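Asks: Quick one, upload-v2.csv (CSV, C-alpha atoms):
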chain,number,residue,atom,x,y,z
A,22,MET,CA,90.9,110.5,75.4
A,23,HIS,CA,92.8,108.6,78.1
A,24,GLU,CA,89.8,106.2,77.9
A,25,LEU,CA,91.4,104.6,74.9
A,26,PRO,CA,94.4,103.0,76.7
A,27,VAL,CA,92.1,102.4,79.8
A,28,THR,CA,89.6,100.5,77.6
A,29,GLN,CA,92.5,98.6,76.0
A,30,GLY,CA,93.5,97.5,79.5
A,31,ILE,CA,89.9,96.5,80.3
A,32,LEU,CA,89.7,94.4,77.1
A,33,THR,CA,93.1,92.7,77.7
A,34,VAL,CA,92.3,91.8,81.3
A,35,ALA,CA,88.8,90.5,80.4
A,36,LEU,CA,90.1,88.4,77.5
A,37,GLU,CA,92.9,86.9,79.6
A,38,THR,CA,90.5,86.0,82.3
A,39,ALA,CA,88.0,84.4,79.9
A,40,GLU,CA,90.9,82.5,78.4
A,41,GLN,CA,92.0,81.1,81.8
A,42,TYR,CA,88.5,79.9,82.5
A,43,GLY,CA,88.1,77.9,79.3
A,44,GLY,CA,88.0,80.4,76.5
A,45,TYR,CA,84.3,81.2,76.6
A,46,ARG,CA,82.7,84.2,74.8
A,47,ILE,CA,82.3,87.2,77.1
A,48,THR,CA,78.8,88.5,77.3
A,49,ALA,CA,79.3,91.2,80.0
A,50,ILE,CA,82.0,93.1,81.9
A,51,ASN,CA,81.1,94.5,85.3
A,52,LEU,CA,83.2,97.6,86.1
A,53,VAL,CA,83.6,99.6,89.3
A,54,ILE,CA,84.7,103.2,88.6
A,55,GLY,CA,85.0,105.9,91.2
A,56,ASP,CA,83.8,109.4,90.5
A,57,MET,CA,87.3,110.9,91.2
A,58,THR,CA,88.9,108.9,88.4
A,59,SER,CA,87.8,111.1,85.5
A,60,ILE,CA,86.7,108.2,83.4
A,61,VAL,CA,83.7,108.7,81.2
A,62,ASP,CA,81.3,105.7,80.8
A,63,ASP,CA,80.2,106.5,77.2
A,64,SER,CA,83.7,107.0,76.1
A,65,VAL,CA,84.8,103.6,77.4
A,66,GLN,CA,81.8,102.0,75.8
A,67,PHE,CA,82.6,103.7,72.5
A,68,TYR,CA,86.2,102.5,72.4
A,69,PHE,CA,85.2,99.1,73.7
A,70,ASP,CA,82.9,98.5,70.8
A,71,ALA,CA,85.6,99.3,68.3
A,72,LEU,CA,88.5,97.5,70.1
A,73,SER,CA,86.6,94.3,70.8
A,74,GLN,CA,85.6,93.6,67.2
A,75,GLY,CA,86.7,90.2,66.2
A,76,THR,CA,87.6,89.2,69.8
A,77,ALA,CA,85.8,86.9,72.2
A,78,ALA,CA,84.4,90.0,73.8
A,79,GLU,CA,82.7,91.4,70.8
A,80,GLY,CA,79.2,92.5,71.6
A,81,ALA,CA,79.8,92.3,75.4
A,82,LYS,CA,77.8,94.7,77.5
A,83,LEU,CA,79.7,97.0,79.9
A,84,HIS,CA,78.0,97.5,83.2
A,85,PHE,CA,79.3,100.5,85.2
A,86,ARG,CA,78.9,100.7,88.9
A,87,ARG,CA,79.9,104.2,89.9
A,88,GLU,CA,81.3,104.9,93.3
A,89,ALA,CA,80.8,108.4,94.7
A,90,ALA,CA,83.5,110.1,96.7
A,91,ALA,CA,82.7,110.9,100.4
A,92,ALA,CA,82.9,114.3,101.9
A,93,LYS,CA,83.1,114.9,105.6
A,94,CYS,CA,82.6,118.3,107.2
A,95,LEU,CA,85.4,119.0,109.7
A,96,GLU,CA,83.1,121.4,111.7
A,97,CYS,CA,79.7,119.7,112.0
A,98,GLY,CA,80.7,116.2,111.1
A,99,HIS,CA,78.1,115.9,108.3
A,100,GLU,CA,79.1,113.1,105.8
A,101,TYR,CA,77.7,113.0,102.3
A,102,PRO,CA,78.6,111.7,98.8
A,103,VAL,CA,80.1,114.2,96.3
A,104,THR,CA,81.0,114.3,92.6
A,105,PRO,CA,83.3,116.8,90.9
A,106,PRO,CA,83.2,119.7,90.7
A,107,LEU,CA,83.2,119.8,94.5
A,108,ASN,CA,80.9,122.2,96.3
A,109,PRO,CA,83.4,124.2,98.5
A,110,PHE,CA,80.9,124.5,101.3
A,111,CYS,CA,79.2,122.0,103.6
A,112,PRO,CA,75.5,121.8,102.6
A,113,GLN,CA,74.5,121.5,106.3
A,114,CYS,CA,76.5,124.2,108.1
A,115,ASP,CA,78.2,126.1,105.3
A,116,SER,CA,81.7,125.4,106.6
A,117,ALA,CA,84.5,125.5,104.1
A,118,PHE,CA,86.6,122.9,106.0
A,119,LEU,CA,85.9,119.6,104.3
A,120,GLN,CA,87.7,116.3,103.8
A,121,ILE,CA,87.1,114.3,100.6
A,122,SER,CA,88.0,110.6,100.4
A,123,GLY,CA,87.2,107.6,98.2
A,124,GLY,CA,85.9,107.6,94.7
A,125,LYS,CA,89.2,106.2,93.4
A,126,GLU,CA,87.9,102.7,92.5
A,127,PHE,CA,88.9,101.6,89.1
A,128,PHE,CA,88.6,97.8,88.4
A,129,ILE,CA,86.8,95.0,86.8
A,130,GLU,CA,84.7,93.3,89.4
A,131,SER,CA,83.7,90.3,87.2
A,132,ILE,CA,83.1,89.2,83.7
A,133,GLU,CA,80.1,87.1,82.5
A,134,VAL,CA,80.7,84.4,79.9
A,135,ASP,CA,78.5,82.2,77.7
A,136,ASP,CA,79.6,78.8,78.9
A,137,GLU,CA,77.2,77.1,76.5
A,138,ASN,CA,79.4,78.0,73.5
A,139,THR,CA,83.2,78.3,73.4
A,140,GLY,CA,84.5,81.5,71.9
A,141,GLY,CA,87.4,81.9,69.6
B,7,MET,CA,78.8,82.0,84.3
B,8,LYS,CA,80.2,84.9,86.3
B,9,ILE,CA,84.0,85.0,86.8
B,10,PRO,CA,85.6,87.3,89.4
B,11,VAL,CA,88.5,89.4,88.1
B,12,VAL,CA,91.5,90.2,90.3
B,13,LYS,CA,93.9,91.6,87.8
B,14,GLN,CA,94.2,95.4,87.6
B,15,ILE,CA,93.0,97.2,84.5
B,16,LEU,CA,96.3,99.0,83.9
B,17,THR,CA,98.5,96.1,84.8
B,18,GLY,CA,100.4,96.5,81.5
B,19,ASN,CA,101.4,100.1,82.3
B,20,ASP,CA,101.9,99.5,86.0
B,21,GLN,CA,104.3,96.6,85.4
B,22,ILE,CA,106.5,98.8,83.2
B,23,ALA,CA,106.2,101.6,85.7
B,24,ALA,CA,107.6,99.2,88.3
B,25,GLU,CA,110.5,98.4,86.0
B,26,ASN,CA,111.2,102.1,85.5
B,27,GLU,CA,111.2,102.5,89.3
B,28,GLN,CA,113.7,99.7,89.6
B,29,THR,CA,115.9,101.3,86.9
B,30,PHE,CA,115.8,104.6,88.7
B,31,ARG,CA,116.7,103.0,92.0
B,32,GLU,CA,119.6,101.0,90.5
B,33,ASN,CA,121.1,104.2,89.1
B,34,GLY,CA,120.3,106.4,92.1
B,35,VAL,CA,118.0,108.6,90.0
B,36,PHE,CA,115.3,110.6,91.9
B,37,ALA,CA,112.6,111.0,89.3
B,38,LEU,CA,109.7,113.5,89.5
B,39,ASN,CA,106.4,113.4,87.5
B,40,LEU,CA,105.3,117.0,86.9
B,41,MET,CA,101.7,117.3,86.0
B,42,ALA,CA,99.9,120.5,85.2
B,43,ALA,CA,97.6,122.3,82.8
B,44,PRO,CA,99.1,123.7,79.6
B,45,GLY,CA,100.7,127.1,80.4
B,46,ALA,CA,101.0,126.6,84.1
B,47,GLY,CA,104.7,127.3,83.9
B,48,LYS,CA,106.1,123.8,84.2
B,49,THR,CA,109.2,124.4,82.0
B,50,THR,CA,109.9,127.7,83.7
B,51,PHE,CA,109.5,126.1,87.1
B,52,ILE,CA,111.8,123.2,86.2
B,53,LEU,CA,114.5,125.7,84.9
B,54,ALA,CA,114.2,127.8,88.1
B,55,THR,CA,114.6,124.7,90.2
B,56,ILE,CA,117.6,123.6,88.2
B,57,ASP,CA,119.2,127.1,88.7
B,58,HIS,CA,118.9,126.7,92.5
B,59,LEU,CA,120.4,123.2,92.7
B,60,PRO,CA,123.8,122.7,94.3
B,61,ALA,CA,126.6,122.0,91.8
B,62,ASP,CA,126.8,118.3,92.9
B,63,VAL,CA,123.2,117.5,92.0
B,64,ARG,CA,123.0,116.7,88.3
B,65,PRO,CA,119.6,117.2,86.6
B,66,ALA,CA,118.1,115.9,83.4
B,67,VAL,CA,114.7,116.4,81.9
B,68,ILE,CA,112.1,114.4,79.9
B,69,GLU,CA,109.7,116.7,78.0
B,70,GLY,CA,106.3,115.3,77.1
B,71,ASP,CA,104.3,117.3,74.6
B,72,LEU,CA,101.8,116.5,71.9
B,73,ALA,CA,104.1,118.0,69.3
B,74,SER,CA,107.2,120.2,68.9
B,75,THR,CA,110.6,120.4,70.6
B,76,ILE,CA,110.1,124.0,71.9
B,77,ASP,CA,110.5,123.0,75.5
B,78,ALA,CA,113.3,120.6,74.9
B,79,ASP,CA,115.2,123.3,73.0
B,80,THR,CA,114.8,125.7,75.9
B,81,ILE,CA,116.1,123.2,78.4
B,82,SER,CA,118.9,122.1,76.1
B,83,GLN,CA,120.2,125.7,75.8
B,84,ARG,CA,121.0,125.5,79.5
B,85,GLY,CA,123.3,122.6,78.9
B,86,VAL,CA,120.9,120.2,80.7
B,87,PRO,CA,120.5,116.7,79.2
B,88,VAL,CA,116.9,116.5,77.8
B,89,ILE,CA,114.8,114.1,75.8
B,90,GLN,CA,111.6,115.2,74.0
B,91,ILE,CA,108.7,112.7,73.9
B,92,ASN,CA,106.1,113.7,71.3
B,93,THR,CA,102.9,111.8,72.1
B,94,GLY,CA,101.4,112.7,68.7
B,95,GLY,CA,98.1,113.7,70.2
B,96,GLY,CA,98.2,111.4,73.2
B,97,CYS,CA,97.0,113.3,76.3
B,98,HIS,CA,99.4,111.9,78.8
B,99,LEU,CA,102.8,110.1,79.1
B,100,ASP,CA,102.7,106.4,80.0
B,101,ALA,CA,105.3,104.1,81.5
B,102,PRO,CA,106.4,102.5,78.1
B,103,MET,CA,107.1,106.0,76.7
B,104,VAL,CA,109.4,106.8,79.6
B,105,ARG,CA,111.1,103.5,79.5
B,106,ASN,CA,111.8,103.9,75.8
B,107,SER,CA,113.4,107.3,76.4
B,108,LEU,CA,115.8,106.1,79.2
B,109,PRO,CA,118.4,104.5,77.0
B,110,HIS,CA,119.1,108.0,75.6
B,111,PHE,CA,120.5,109.1,78.9
B,112,ALA,CA,123.6,108.2,80.8
B,113,LEU,CA,121.5,107.4,83.9
B,114,SER,CA,124.5,107.0,86.2
B,115,ASP,CA,125.3,110.7,85.6
B,116,ILE,CA,121.8,111.8,86.6
B,117,ASP,CA,120.7,112.6,90.2
B,118,LEU,CA,117.4,114.3,89.5
B,119,LEU,CA,115.1,113.5,86.6
B,120,PHE,CA,112.3,115.9,85.9
B,121,ILE,CA,109.6,114.3,83.8
B,122,GLU,CA,107.3,117.0,82.4
B,123,ASN,CA,104.0,115.4,81.6
B,124,VAL,CA,101.7,116.5,78.8
B,125,GLY,CA,99.8,119.7,79.8
B,126,ASN,CA,96.5,118.2,81.1
B,127,LEU,CA,94.8,118.1,84.6
B,128,VAL,CA,92.9,114.9,83.9
B,129,CYS,CA,94.6,112.1,82.1
B,130,PRO,CA,98.1,111.9,83.5
B,131,SER,CA,96.9,111.1,87.0
B,132,ASN,CA,95.8,107.6,85.9
B,133,PHE,CA,99.1,106.5,84.5
B,134,LYS,CA,102.1,105.7,86.8
B,135,LEU,CA,105.5,106.3,85.3
B,136,GLY,CA,107.6,104.8,88.0
B,137,THR,CA,108.7,108.1,89.6
B,138,ALA,CA,109.4,108.7,93.2
B,139,LEU,CA,107.5,111.9,93.5
B,140,SER,CA,104.2,113.2,91.9
B,141,VAL,CA,104.3,117.0,91.6
B,142,VAL,CA,101.1,118.9,90.6
B,143,VAL,CA,101.8,122.4,89.4
B,144,SER,CA,99.0,125.0,89.3
B,145,SER,CA,99.3,128.6,88.5
B,146,THR,CA,97.6,131.7,89.9
B,147,ALA,CA,96.5,132.5,86.3
B,148,GLU,CA,94.4,129.4,86.2
B,149,GLY,CA,92.3,130.6,89.1
B,150,HIS,CA,91.8,129.4,92.7
B,151,ASP,CA,89.1,126.8,91.9
B,152,LYS,CA,91.3,124.1,90.4
B,153,PRO,CA,91.4,121.7,93.3
B,154,TYR,CA,87.5,121.8,93.4
B,155,LYS,CA,87.2,121.2,89.6
B,156,TYR,CA,90.0,118.6,89.2
B,157,PRO,CA,90.1,116.9,92.6
B,158,GLY,CA,91.4,113.6,91.1
B,159,ILE,CA,94.8,115.0,90.1
B,160,PHE,CA,95.3,117.0,93.3
B,161,ALA,CA,94.5,113.9,95.3
B,162,THR,CA,97.3,112.0,93.7
B,163,ALA,CA,100.0,114.7,94.4
B,164,ASP,CA,102.9,114.2,96.8
B,165,VAL,CA,103.5,117.9,96.6
B,166,VAL,CA,101.7,120.9,95.1
B,167,ILE,CA,103.4,123.9,93.5
B,168,LEU,CA,101.5,127.2,93.0
B,169,THR,CA,103.4,129.1,90.3
B,170,LYS,CA,103.2,132.7,89.1
B,171,ALA,CA,102.9,134.0,92.6
B,172,ASP,CA,104.3,137.3,91.4
B,173,ILE,CA,101.0,138.0,89.5
B,174,LEU,CA,98.7,136.7,92.2
B,175,GLU,CA,97.0,140.0,92.7
B,176,VAL,CA,96.4,140.6,89.0
B,177,PHE,CA,94.2,137.5,88.9
B,178,GLU,CA,92.6,138.2,92.3
B,179,PHE,CA,93.7,134.8,93.3
B,180,ASP,CA,92.2,133.7,96.6
B,181,ARG,CA,95.0,131.7,98.2
B,182,GLU,CA,93.1,130.6,101.2
B,183,TYR,CA,90.3,129.2,99.0
B,184,PHE,CA,92.8,127.3,96.9
B,185,GLU,CA,94.5,125.9,100.0
B,186,ARG,CA,91.2,124.8,101.5
B,187,GLY,CA,90.3,123.0,98.3
B,188,LEU,CA,93.6,121.3,98.2
B,189,LYS,CA,93.4,120.3,101.9
B,190,ALA,CA,90.0,118.8,101.4
B,191,VAL,CA,91.2,116.3,98.7
B,192,ASN,CA,94.7,115.8,99.9
B,193,GLN,CA,95.8,116.1,103.6
B,194,HIS,CA,99.4,115.1,103.0
B,195,ALA,CA,100.8,117.2,100.2
B,196,PRO,CA,102.7,120.3,101.2
B,197,LEU,CA,102.2,123.4,99.1
B,198,PHE,CA,105.0,125.7,97.8
B,199,VAL,CA,104.1,129.1,96.5
B,200,VAL,CA,106.7,130.2,94.0
B,201,SER,CA,107.5,132.4,91.0
B,202,GLY,CA,109.6,130.8,88.4
B,203,ARG,CA,110.2,134.3,86.9
B,204,THR,CA,111.4,136.1,90.0
B,205,GLY,CA,112.7,133.0,91.8
B,206,ALA,CA,110.6,133.7,94.9
B,207,GLY,CA,109.9,130.6,97.0
B,208,ILE,CA,112.1,128.4,94.9
B,209,ASP,CA,114.8,128.0,97.7
B,210,ALA,CA,112.3,126.6,100.1
B,211,TRP,CA,111.0,124.1,97.5
B,212,VAL,CA,114.5,123.0,96.5
B,213,ALA,CA,115.5,122.5,100.2
B,214,TRP,CA,112.4,120.3,100.6
B,215,LEU,CA,113.1,118.4,97.3
B,216,LEU,CA,116.7,117.7,98.3
B,217,ASP,CA,115.6,116.5,101.6
B,218,ARG,CA,113.2,114.0,100.0
B,219,ARG,CA,116.0,112.9,97.7
B,220,ARG,CA,118.3,112.3,100.6
B,221,GLY,CA,115.6,110.1,102.2
B,222,TYR,CA,115.3,108.2,98.9
B,223,THR,CA,119.0,107.6,98.3
B,224,ALA,CA,119.5,106.6,101.9
B,225,ALA,CA,116.9,103.9,101.5
B,226,ILE,CA,118.5,102.4,98.3
Spit out the file's structure as structure tokens when you get a sec.
Replies:
Amino acid sequence: MHELPVTQGILTVALETAEQYGGYRITAINLVIGDMTSIVDDSVQFYFDALSQGTAAEGAKLHFRREAAAAKCLECGHEYPVTPPLNPFCPQCDSAFLQISGGKEFFIESIEVDDENTGG
Amino acid sequence: MKIPVVKQILTGNDQIAAENEQTFRENGVFALNLMAAPGAGKTTFILATIDHLPADVRPAVIEGDLASTIDADTISQRGVPVIQINTGGGCHLDAPMVRNSLPHFALSDIDLLFIENVGNLVCPSNFKLGTALSVVVSSTAEGHDKPYKYPGIFATADVVILTKADILEVFEFDREYFERGLKAVNQHAPLFVVSGRTGAGIDAWVAWLLDRRRGYTAAI
């Protein structure tokens, strides 16, 4: 349920941004979320629909671009994307010595606004 | 029209976390954010750590729980200043909660502040509190697969504590497997294997902690 304050943050930042650019109604929010951040898309959308009611972002569509984490095998060098729960062994050489990086992205890339009509 | 966004999603929380950090710095308080699953032994570990501190290092504790003052009462019985935050169902502490609790302490009389987060291996890792050190506590009773299942929180740790080492055999805990998983997601965090009950391993952890604190206070 940490998606509730996270979604509140998304809404606040999106509304502030729209306000700065002329107060247009927000039609879409493009999010980038890494697989290591434990944030569930459906949960964010659920809270968003409730929180955005009566704001300039009501009815906006949330687009999620998921970013996988990258695993690197320290024995054979094989690199591949991973999502939790992590497989403890390299799929290529079965080594247990892996290094995981990335997948920590968590930001709004852009918002889309309806500049034909001002919001309010 | 598409508008690029530069502001961070949790800017509100992160700004207050930065204020907390500043407050800690100004008062020479070395603050720790302890994150773990429910029942990992956070409170016992905090008490064992406090028992091993030299007399001139003054501790205090913030207890985060959904409800109750059970942990705060336990700490308070030892004569250690403690504030209980009840999140009322909230799954993590956030920076404003910590900020609101600080006026209840005489900060200039505190050297080490243990902030025990709500028992949860998922949510706390997303919310900065303004602490100098992120500590992830995992117990042998939870099993050796935790770094593989909850890589996010282990990746954010500055240091990892494996508690309940005295019952490692009972749970057929594979320490090597655990350490490999930890190393895969976090190449920097040292691991201390301890038992809060017997006190095993606490000395080495406390020595490391005090060393980190010396580095912190020297830089103020």
Asks: Write out as a list in words the residues lying within 6 Å of Thr169 (chain B), counting only C-alpha atoms and excluding same-chain residues fewer than 4 positions away.
Replies: Ser145, Val200 and Ser201 of chain B
Asks: Counting all atoms listed in the file, figure out which residue out of B:Asp71, B:Asp115, B:Asp20, B:Asp172 gets nearest to chain A.
Replies: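 Using all atoms listed in the file, chain A sits closest to B:Asp20.
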Asks: What lies within 7 Å of Leu72 (chain B) using all atoms listed in the file, ignoring chain neighbours under 4 positions off, as a list in words?
Replies: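 So, after excluding close chain neighbours, the residues are Asn92, Thr93, Gly94, Gly95, Gly96 and Val124 of chain B.
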Asks: For the residues in that selection, give me C-alpha atoms as a PDB file, in the coordinates of the input.
Replies:
ATOM      1  CA  ASN B  92     106.100 113.700  71.300  1.00  0.00           C
ATOM      2  CA  THR B  93     102.900 111.800  72.100  1.00  0.00           C
ATOM      3  CA  GLY B  94     101.400 112.700  68.700  1.00  0.00           C
ATOM      4  CA  GLY B  95      98.100 113.700  70.200  1.00  0.00           C
ATOM      5  CA  GLY B  96      98.200 111.400  73.200  1.00  0.00           C
ATOM      6  CA  VAL B 124     101.700 116.500  78.800  1.00  0.00           C
TER       7      VAL B 124
END
Asks: Please identify all residues of chain A having at least one atom at most 9 Å from any atom of chain B, considering only C-alpha atoms, and return them as a VMD selection string.
Replies: chain A and resid 22 to 24 26 to 35 38 to 39 42 49 56 to 60 92 to 93 105 to 109 117 to 122 124 to 125 127 to 136
Asks: Kindly indicate which residue among B:Pro87, B:Gly47, B:Gly207, B:Gly202 lies nearest to Asp117 (chain B), using only C-alpha atoms for the distances.
Replies: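 The shortest atom-to-atom distance to Asp117 (chain B) comes from B:Pro87.
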Asks: What is the distance between CA of Arg219 (chain B) and CA of Leu119 (chain B), in Å to one decimal?
Replies: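 Taking CA of Arg219 (chain B) as the start and CA of Leu119 (chain B) as the end point, the length is 11.2 Å.
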Asks: Rounded to one decimal, what separation in Å do you get between CA of Cys94 (chain A) and CA of Asp180 (chain B)?
Replies: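 CA of Cys94 (chain A) sits 21.0 Å away from CA of Asp180 (chain B).
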Asks: Name the residues, using the chain letters and numbers of the file, that sit within 8 Å of (77.3, 121.3, 109.8) when counting all atoms listed in the file, and give them as a ChimeraX atom specification.
Replies: /A:94,96-99,111-116
